[in-house]
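Asks: File my_file.txt below, compact mmCIF, C-alpha atoms:
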# COMPACT_ATOMS: atom_id res chain seq x y z
CA MET A 1 98.49 -175.60 -8.78
CA ALA A 2 99.33 -172.59 -6.62
CA GLN A 3 96.47 -170.93 -4.83
CA SER A 4 95.10 -167.88 -6.62
CA PRO A 5 95.49 -164.62 -4.70
CA LEU A 6 92.58 -162.77 -3.10
CA LEU A 7 92.22 -159.51 -4.99
CA LYS A 8 90.11 -156.53 -3.95
CA GLN A 9 89.83 -152.81 -4.62
CA GLY A 10 93.20 -151.10 -4.20
CA ALA A 11 95.28 -154.08 -5.36
CA THR A 12 97.81 -153.59 -8.17
CA GLY A 13 100.14 -155.70 -10.25
CA ALA A 14 100.34 -158.51 -12.78
CA GLN A 15 97.67 -160.64 -11.09
CA VAL A 16 95.19 -157.76 -11.31
CA ARG A 17 96.00 -157.41 -15.00
CA GLU A 18 95.41 -161.14 -15.51
CA MET A 19 92.05 -160.92 -13.73
CA THR A 20 90.91 -157.81 -15.61
CA GLY A 21 91.98 -159.44 -18.87
CA LEU A 22 89.59 -162.29 -18.10
CA LEU A 23 86.84 -159.76 -17.39
CA VAL A 24 87.52 -158.18 -20.78
CA ASP A 25 87.32 -161.62 -22.44
CA ARG A 26 83.97 -162.24 -20.71
CA GLY A 27 82.56 -158.87 -21.79
CA TYR A 28 82.42 -157.22 -18.36
CA LEU A 29 85.23 -154.68 -18.80
CA ASP A 30 86.48 -152.59 -21.74
CA ALA A 31 90.21 -152.82 -21.10
CA ALA A 32 92.64 -154.72 -18.88
CA SER A 33 94.38 -152.83 -16.10
CA SER A 34 97.00 -153.41 -13.43
CA THR A 35 94.96 -151.37 -10.92
CA PHE A 36 91.90 -152.72 -9.12
CA ASP A 37 89.83 -149.53 -9.02
CA LEU A 38 86.11 -148.90 -8.51
CA SER A 39 85.25 -149.62 -12.14
CA VAL A 40 86.94 -153.02 -11.85
CA LYS A 41 85.05 -153.72 -8.61
CA HIS A 42 81.75 -152.98 -10.37
CA ALA A 43 82.75 -155.27 -13.24
CA VAL A 44 83.59 -158.06 -10.79
CA GLU A 45 80.21 -157.62 -9.07
CA GLY A 46 78.43 -157.79 -12.41
CA PHE A 47 80.27 -160.99 -13.28
CA GLN A 48 79.61 -162.54 -9.86
CA ALA A 49 75.88 -161.80 -10.11
CA ARG A 50 75.64 -163.94 -13.27
CA HIS A 51 77.93 -166.88 -12.54
CA VAL A 52 78.42 -169.78 -10.17
CA ALA A 53 81.36 -171.51 -8.52
CA ALA A 54 82.71 -174.99 -9.27
CA ASN A 55 80.13 -176.48 -6.84
CA GLY A 56 77.28 -174.96 -8.84
CA ARG A 57 76.39 -172.43 -6.15
CA PRO A 58 75.95 -168.74 -7.02
CA LEU A 59 78.99 -166.59 -6.36
CA LYS A 60 78.89 -164.12 -3.50
CA VAL A 61 78.50 -160.63 -4.99
CA ASP A 62 81.13 -158.78 -2.96
CA GLY A 63 83.47 -157.35 -5.61
CA LYS A 64 86.40 -159.43 -4.33
CA VAL A 65 88.16 -162.04 -6.44
CA GLY A 66 88.95 -165.14 -4.39
CA GLU A 67 89.29 -168.80 -5.31
CA LEU A 68 85.63 -169.24 -6.34
CA THR A 69 85.53 -166.17 -8.59
CA TRP A 70 88.93 -167.03 -10.09
CA TRP A 71 87.54 -170.46 -11.03
CA ALA A 72 84.44 -168.95 -12.64
CA LEU A 73 86.54 -166.46 -14.62
CA ARG A 74 88.76 -169.25 -15.91
CA ASN A 75 85.82 -171.52 -16.76
CA PRO A 76 83.45 -169.29 -18.76
CA ASP A 77 81.12 -172.11 -19.79
CA ASN A 78 80.05 -172.87 -16.21
CA THR A 79 76.35 -173.03 -15.40
CA SER A 80 74.68 -169.63 -15.03
CA LEU A 81 71.95 -168.51 -12.65
CA LEU A 82 69.46 -169.06 -15.47
CA THR A 83 69.71 -172.82 -14.93
CA PRO A 84 66.57 -174.21 -13.25
CA PRO A 85 67.32 -174.69 -9.55
CA VAL A 86 67.57 -178.07 -7.93
CA ALA A 87 66.11 -178.76 -4.50
CA PRO A 88 68.86 -178.96 -1.82
CA PRO A 89 69.25 -181.88 0.58
CA GLU A 90 66.84 -182.53 3.45
CA ILE A 91 66.85 -179.95 6.23
CA PRO A 92 69.24 -180.97 9.04
CA PRO A 93 68.08 -181.02 12.68
CA GLY A 94 67.78 -177.89 14.80
CA GLY A 95 65.91 -174.61 14.88
CA SER A 96 62.35 -173.84 15.91
CA ALA A 97 59.29 -175.64 14.55
CA ILE A 98 57.91 -172.56 12.81
CA GLY A 99 61.31 -171.58 11.43
CA ARG A 100 61.81 -175.04 9.96
CA ALA A 101 58.31 -174.92 8.47
CA ALA A 102 59.03 -171.55 6.84
CA LEU A 103 62.34 -172.89 5.50
CA ARG A 104 60.51 -175.84 3.90
CA VAL A 105 58.25 -173.33 2.14
CA ALA A 106 61.32 -171.39 0.97
CA LEU A 107 62.93 -174.53 -0.41
CA ALA A 108 59.71 -175.44 -2.21
CA GLU A 109 59.66 -171.99 -3.83
CA MET A 110 63.25 -172.48 -4.94
CA ALA A 111 62.43 -175.88 -6.41
CA ALA A 112 59.47 -174.30 -8.23
CA GLY A 113 61.86 -171.92 -9.98
CA SER A 114 60.86 -168.72 -8.21
CA LYS A 115 62.62 -165.74 -9.80
CA GLU A 116 62.12 -162.28 -11.26
CA VAL A 117 60.23 -162.17 -14.55
CA GLY A 118 60.00 -159.42 -17.15
CA GLU A 119 62.21 -156.88 -15.39
CA ASN A 120 64.18 -156.41 -12.19
CA ASN A 121 62.10 -156.81 -8.99
CA SER A 122 59.02 -157.85 -10.96
CA GLY A 123 56.96 -160.84 -12.03
CA PRO A 124 54.30 -163.12 -10.52
CA PHE A 125 56.54 -164.55 -7.81
CA VAL A 126 57.63 -161.09 -6.68
CA LYS A 127 54.03 -159.80 -6.73
CA LYS A 128 53.03 -162.69 -4.47
CA TYR A 129 55.77 -161.94 -1.95
CA LEU A 130 54.92 -158.21 -1.91
CA ASN A 131 51.47 -159.27 -0.67
CA ASP A 132 49.65 -156.23 -2.19
CA ILE A 133 51.50 -153.93 0.23
CA VAL A 134 53.24 -152.23 -2.70
CA PRO A 135 53.13 -153.04 -6.42
CA PRO A 136 56.16 -154.37 -8.29
CA PRO A 137 58.84 -153.44 -9.10
CA ALA A 138 60.03 -153.40 -5.49
CA ASN A 139 62.71 -155.07 -3.39
CA TRP A 140 61.35 -158.39 -2.24
CA CYS A 141 63.85 -160.24 -0.02
CA ALA A 142 61.94 -159.48 3.20
CA GLY A 143 58.60 -160.06 1.52
CA PHE A 144 59.84 -163.52 0.53
CA VAL A 145 60.74 -164.31 4.14
CA SER A 146 57.42 -162.95 5.43
CA TRP A 147 55.47 -164.88 2.80
CA CYS A 148 57.20 -168.15 3.68
CA PHE A 149 56.30 -167.69 7.34
CA SER A 150 52.72 -166.80 6.37
CA GLN A 151 52.35 -170.14 4.56
CA THR A 152 53.15 -172.26 7.62
CA PRO A 153 50.37 -173.98 9.60
CA GLN A 154 51.05 -171.63 12.52
CA GLY A 155 50.90 -168.50 10.35
CA ILE A 156 53.35 -165.60 10.42
CA PRO A 157 54.35 -164.86 14.06
CA TYR A 158 55.18 -161.20 13.44
CA ARG A 159 53.77 -158.34 11.34
CA TYR A 160 54.21 -159.05 7.62
CA SER A 161 57.08 -156.82 6.50
CA LEU A 162 58.85 -155.85 3.30
CA GLY A 163 61.82 -154.44 5.23
CA ALA A 164 64.83 -156.53 6.26
CA ARG A 165 65.77 -154.20 9.12
CA ASP A 166 62.14 -153.83 10.17
CA THR A 167 61.87 -157.62 10.38
CA ARG A 168 64.99 -157.75 12.53
CA ASP A 169 63.65 -154.92 14.71
CA GLN A 170 60.47 -156.91 15.26
CA PHE A 171 62.52 -159.98 16.18
CA LYS A 172 64.50 -157.87 18.66
CA ARG A 173 61.33 -156.58 20.33
CA LEU A 174 60.04 -160.14 20.61
CA GLY A 175 63.31 -161.34 22.16
CA TRP A 176 64.17 -163.53 19.17
CA ALA A 177 67.27 -161.73 17.81
CA TYR A 178 70.76 -163.01 18.58
CA ASP A 179 74.40 -162.74 17.59
CA ALA A 180 76.36 -165.69 16.18
CA ARG A 181 78.88 -165.21 19.01
CA ASP A 182 76.13 -166.16 21.48
CA ARG A 183 74.52 -169.13 19.73
CA THR A 184 74.92 -171.13 16.54
CA PRO A 185 72.46 -170.34 13.73
CA GLU A 186 70.12 -173.24 12.97
CA PRO A 187 67.73 -174.17 10.14
CA GLY A 188 64.87 -171.72 9.68
CA ASP A 189 66.54 -168.85 11.54
CA ILE A 190 66.71 -165.52 9.74
CA VAL A 191 69.97 -163.77 8.84
CA VAL A 192 70.05 -160.02 8.22
CA TRP A 193 72.65 -157.76 6.58
CA TRP A 194 72.91 -153.98 6.25
CA ARG A 195 73.18 -152.26 2.90
CA GLY A 196 74.25 -148.72 2.14
CA GLN A 197 75.22 -147.58 5.64
CA PRO A 198 75.49 -149.58 8.90
CA ASP A 199 72.97 -147.27 10.58
CA GLY A 200 70.81 -146.64 7.49
CA TRP A 201 67.47 -148.13 6.54
CA MET A 202 68.47 -150.53 3.76
CA GLY A 203 69.11 -154.20 4.40
CA HIS A 204 68.90 -157.75 3.09
CA ILE A 205 67.47 -160.88 4.69
CA GLY A 206 67.33 -164.62 4.12
CA PHE A 207 66.88 -167.98 5.82
CA VAL A 208 69.57 -170.10 7.45
CA ARG A 209 69.54 -173.57 5.86
CA SER A 210 72.41 -175.01 7.91
CA VAL A 211 75.87 -174.40 9.38
CA GLU A 212 78.46 -177.02 8.49
CA GLY A 213 82.18 -176.78 9.14
CA GLY A 214 82.01 -173.06 9.79
CA ILE A 215 80.14 -172.42 6.54
CA LEU A 216 76.71 -170.80 6.70
CA HIS A 217 74.32 -172.07 4.03
CA THR A 218 71.33 -169.85 3.30
CA VAL A 219 68.21 -169.58 1.14
CA GLU A 220 67.65 -166.04 -0.13
CA GLY A 221 65.56 -164.14 -2.65
CA ASN A 222 66.36 -160.92 -4.52
CA LYS A 223 70.12 -161.47 -4.60
CA GLY A 224 72.15 -161.16 -7.79
CA GLY A 225 71.41 -159.74 -11.20
CA PHE A 226 68.13 -160.03 -13.07
CA PRO A 227 66.42 -162.48 -13.19
CA ALA A 228 67.40 -163.04 -9.54
CA PRO A 229 66.08 -166.43 -8.37
CA VAL A 230 65.38 -167.82 -4.93
CA ASN A 231 68.59 -169.75 -4.41
CA THR A 232 71.15 -171.06 -1.95
CA PHE A 233 74.29 -169.15 -0.94
CA ASP A 234 77.35 -169.97 1.20
CA TYR A 235 79.35 -167.76 3.58
CA VAL A 236 82.25 -168.24 5.97
CA LEU A 237 80.36 -167.64 9.23
CA GLY A 238 83.28 -165.96 10.99
CA ARG A 239 83.99 -163.56 8.10
CA MET A 240 80.61 -162.27 6.96
CA ASP A 241 80.53 -158.72 5.62
CA ARG A 242 77.79 -156.29 6.67
CA LEU A 243 76.16 -158.77 9.03
CA LEU A 244 73.55 -157.33 11.43
CA GLY A 245 72.64 -160.59 13.12
CA PHE A 246 70.28 -163.52 13.32
CA GLY A 247 66.87 -164.35 14.73
CA ARG A 248 64.86 -167.44 15.66
CA ALA A 249 61.06 -167.23 15.56
CA GLU A 250 59.37 -169.08 18.41
Any chance you could put this one into structure tokens?
Replies:
Amino acid sequence: MAQSPLLKQGATGAQVREMTGLLVDRGYLDAASSTFDLSVKHAVEGFQARHVAANGRPLKVDGKVGELTWWALRNPDNTSLLTPPVAPPEIPPGGSAIGRAALRVALAEMAAGSKEVGENNSGPFVKKYLNDIVPPPANWCAGFVSWCFSQTPQGIPYRYSLGARDTRDQFKRLGWAYDARDRTPEPGDIVVWWRGQPDGWMGHIGFVRSVEGGILHTVEGNKGGFPAPVNTFDYVLGRMDRLLGFGRAE
């Protein structure tokens, strides 16, 4: 079978119409179109937030339709994010002792079925990660990372934070931040993205689980549509959008 084309905002033609027709069939778009405009991008993101690829991993919510999203569109009965998570394989070698310990905590939370409950950014898991700093509903990706570090025998090695960029700023001040061009991410390292604007205040953060064959495997919370679970995600390391950098707690 021929490889499906990568489609993104601005694309036009018969393949866009085929893709939007599938979105209509799945209930994410009102009408098929030959133009990949902003409304189609939003529909794609909504679909990606609720579906997984052929390998059972959640789709990356980027509004682009590549091989993984094409497969999910053509296989509507695939497992959704509501499926109870399964613990991933054992952590591979590498990383710092405290980072690996925090990653083990993160994986245990995933195996326990940690997710939002009741409404977006809410529920007992989220409340725990927010650590009484603010009440839910509130963004909780950085709180999840901070909480996992706080549960290690060593304790959290930086100030507990609910901000992804603030966490990275703390890592920079401590000399722990790095770029993937300078060193290879290892298990238990943090990975941080920007949201909104590159120089704004919003961000997202997760744990590195491993790097294999140029693919970065992560454990993240607060990603995807409600009820967003703690789950694993995959990225092509050399083509990551909105990446701010990495950090290794020592």
Asks: Hey, can you pull every residue with an atom no more than 8 Å from (69.2, -153.3, -15.3), using all atoms listed in the file, and send it as a PDB file with C-alpha atoms, keeping the file's coordinate frame?
Replies:
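New file part.pdb:
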ATOM      1  CA  GLU A 119      62.210-156.880 -15.390  1.00  0.00           C
ATOM      2  CA  ASN A 120      64.180-156.410 -12.190  1.00  0.00           C
ATOM      3  CA  GLY A 225      71.410-159.740 -11.200  1.00  0.00           C
ATOM      4  CA  PHE A 226      68.130-160.030 -13.070  1.00  0.00           C
TER       5      PHE A 226
END
Asks: Nearest residue to Arg248 of chain A out of A:Gly46, A:Gly188, A:Pro136, A:Gly163, using all atoms listed in the file?
Replies: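 Of all the options, A:Gly188 lies closest to Arg248 of chain A.
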Asks: Could you name the residues that touch segment 99-110 of chain A at 7 Å or less, counting all atoms listed in the file, but leaving out those on the same chain fewer than 5 positions away, as a PyMOL selection string?
Replies: chain A and resi 85+87+148-149+152+187-189+207+230-231+248-249
Asks: Might you pull out every residue within 6 Å of Leu59 of chain A, with only C-alpha atoms counted and same-chain residues fewer than 6 positions away left off, and present them as a list of chain:residue names?
Replies: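 Here the qualifying residues turn out to be A:Gln48, A:Val52, A:Ala53.
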Asks: For Glu67 of chain A, which of A:Val44, A:Ile190, A:Leu7, A:Leu237 is the closest residue, counting only C-alpha atoms?
Replies: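 Selected residue with least distance to Glu67 of chain A: A:Leu7.
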Asks: Rank A:Ala164, A:Val65, A:Ile91, A:Ala72 by their smallest atom-to-atom distance to His217 of chain A, using only C-alpha atoms, and report the top residue only.
Replies: A:Ile91
Asks: The residues within 8 Å of (63.3, -156.1, -6.8), using only C-alpha atoms and the coordinates of the file, should be reported as a short mmCIF file (atom, residue, chain, number, x, y, z; two decimals) with C-alpha atoms, in the coordinates of the input; which are they?
Replies:
data_model
loop_
_atom_site.label_atom_id
_atom_site.label_comp_id
_atom_site.auth_asym_id
_atom_site.auth_seq_id
_atom_site.Cartn_x
_atom_site.Cartn_y
_atom_site.Cartn_z
CA GLU A 116 62.12 -162.28 -11.26
CA ASN A 120 64.18 -156.41 -12.19
CA ASN A 121 62.10 -156.81 -8.99
CA SER A 122 59.02 -157.85 -10.96
CA VAL A 126 57.63 -161.09 -6.68
CA PRO A 136 56.16 -154.37 -8.29
CA PRO A 137 58.84 -153.44 -9.10
CA ALA A 138 60.03 -153.40 -5.49
CA ASN A 139 62.71 -155.07 -3.39
CA TRP A 140 61.35 -158.39 -2.24
CA CYS A 141 63.85 -160.24 -0.02
CA ASN A 222 66.36 -160.92 -4.52
#
Asks: Around all the atoms of segment 154-172 of chain A listed in the file, draw an axis-aligned box and extend it by 8 Å on each of the six sides; I want its centre and edge lengths in Å to one decimal, as lines of an AutoDock Vina configuration file.
Replies:
center_x = 58.3
center_y = -162.7
center_z = 11.0
size_x = 30.9
size_y = 33.8
size_z = 31.4
Asks: Pick from A:Gln154, A:Ile205, A:Gly27, A:Ser34: nearest to Thr12 of chain A, with all atoms listed in the file counted?
Replies: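 Smallest distance to Thr12 of chain A is found for A:Ser34.
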Asks: Could you make a table, as JSON lines, of the residues of segment 101-180 of chain A that have an atom within 10 Å of an atom of segment 240-247 of chain A, each with its nearest atom pair and distance in Å to one decimal, counting all atoms listed in the file, in chain and number order?
Replies:
{"residue": "A:Arg165", "atom": "CA", "partner": "A:Leu244", "partner_atom": "CA", "distance": 8.7}
{"residue": "A:Thr167", "atom": "CA", "partner": "A:Gly247", "partner_atom": "CA", "distance": 9.4}
{"residue": "A:Arg168", "atom": "CA", "partner": "A:Gly247", "partner_atom": "CA", "distance": 7.2}
{"residue": "A:Asp169", "atom": "CA", "partner": "A:Gly247", "partner_atom": "CA", "distance": 10.0}
{"residue": "A:Gln170", "atom": "CA", "partner": "A:Gly247", "partner_atom": "CA", "distance": 9.8}
{"residue": "A:Phe171", "atom": "CA", "partner": "A:Gly247", "partner_atom": "CA", "distance": 6.3}
{"residue": "A:Lys172", "atom": "CA", "partner": "A:Gly247", "partner_atom": "CA", "distance": 7.9}
{"residue": "A:Leu174", "atom": "CA", "partner": "A:Gly247", "partner_atom": "CA", "distance": 9.9}
{"residue": "A:Gly175", "atom": "CA", "partner": "A:Gly247", "partner_atom": "CA", "distance": 8.8}
{"residue": "A:Trp176", "atom": "CA", "partner": "A:Gly247", "partner_atom": "CA", "distance": 5.3}
{"residue": "A:Ala177", "atom": "CA", "partner": "A:Gly247", "partner_atom": "CA", "distance": 4.1}
{"residue": "A:Tyr178", "atom": "CA", "partner": "A:Phe246", "partner_atom": "CA", "distance": 5.3}
{"residue": "A:Asp179", "atom": "CA", "partner": "A:Gly245", "partner_atom": "CA", "distance": 5.3}
{"residue": "A:Ala180", "atom": "CA", "partner": "A:Gly245", "partner_atom": "CA", "distance": 7.0}
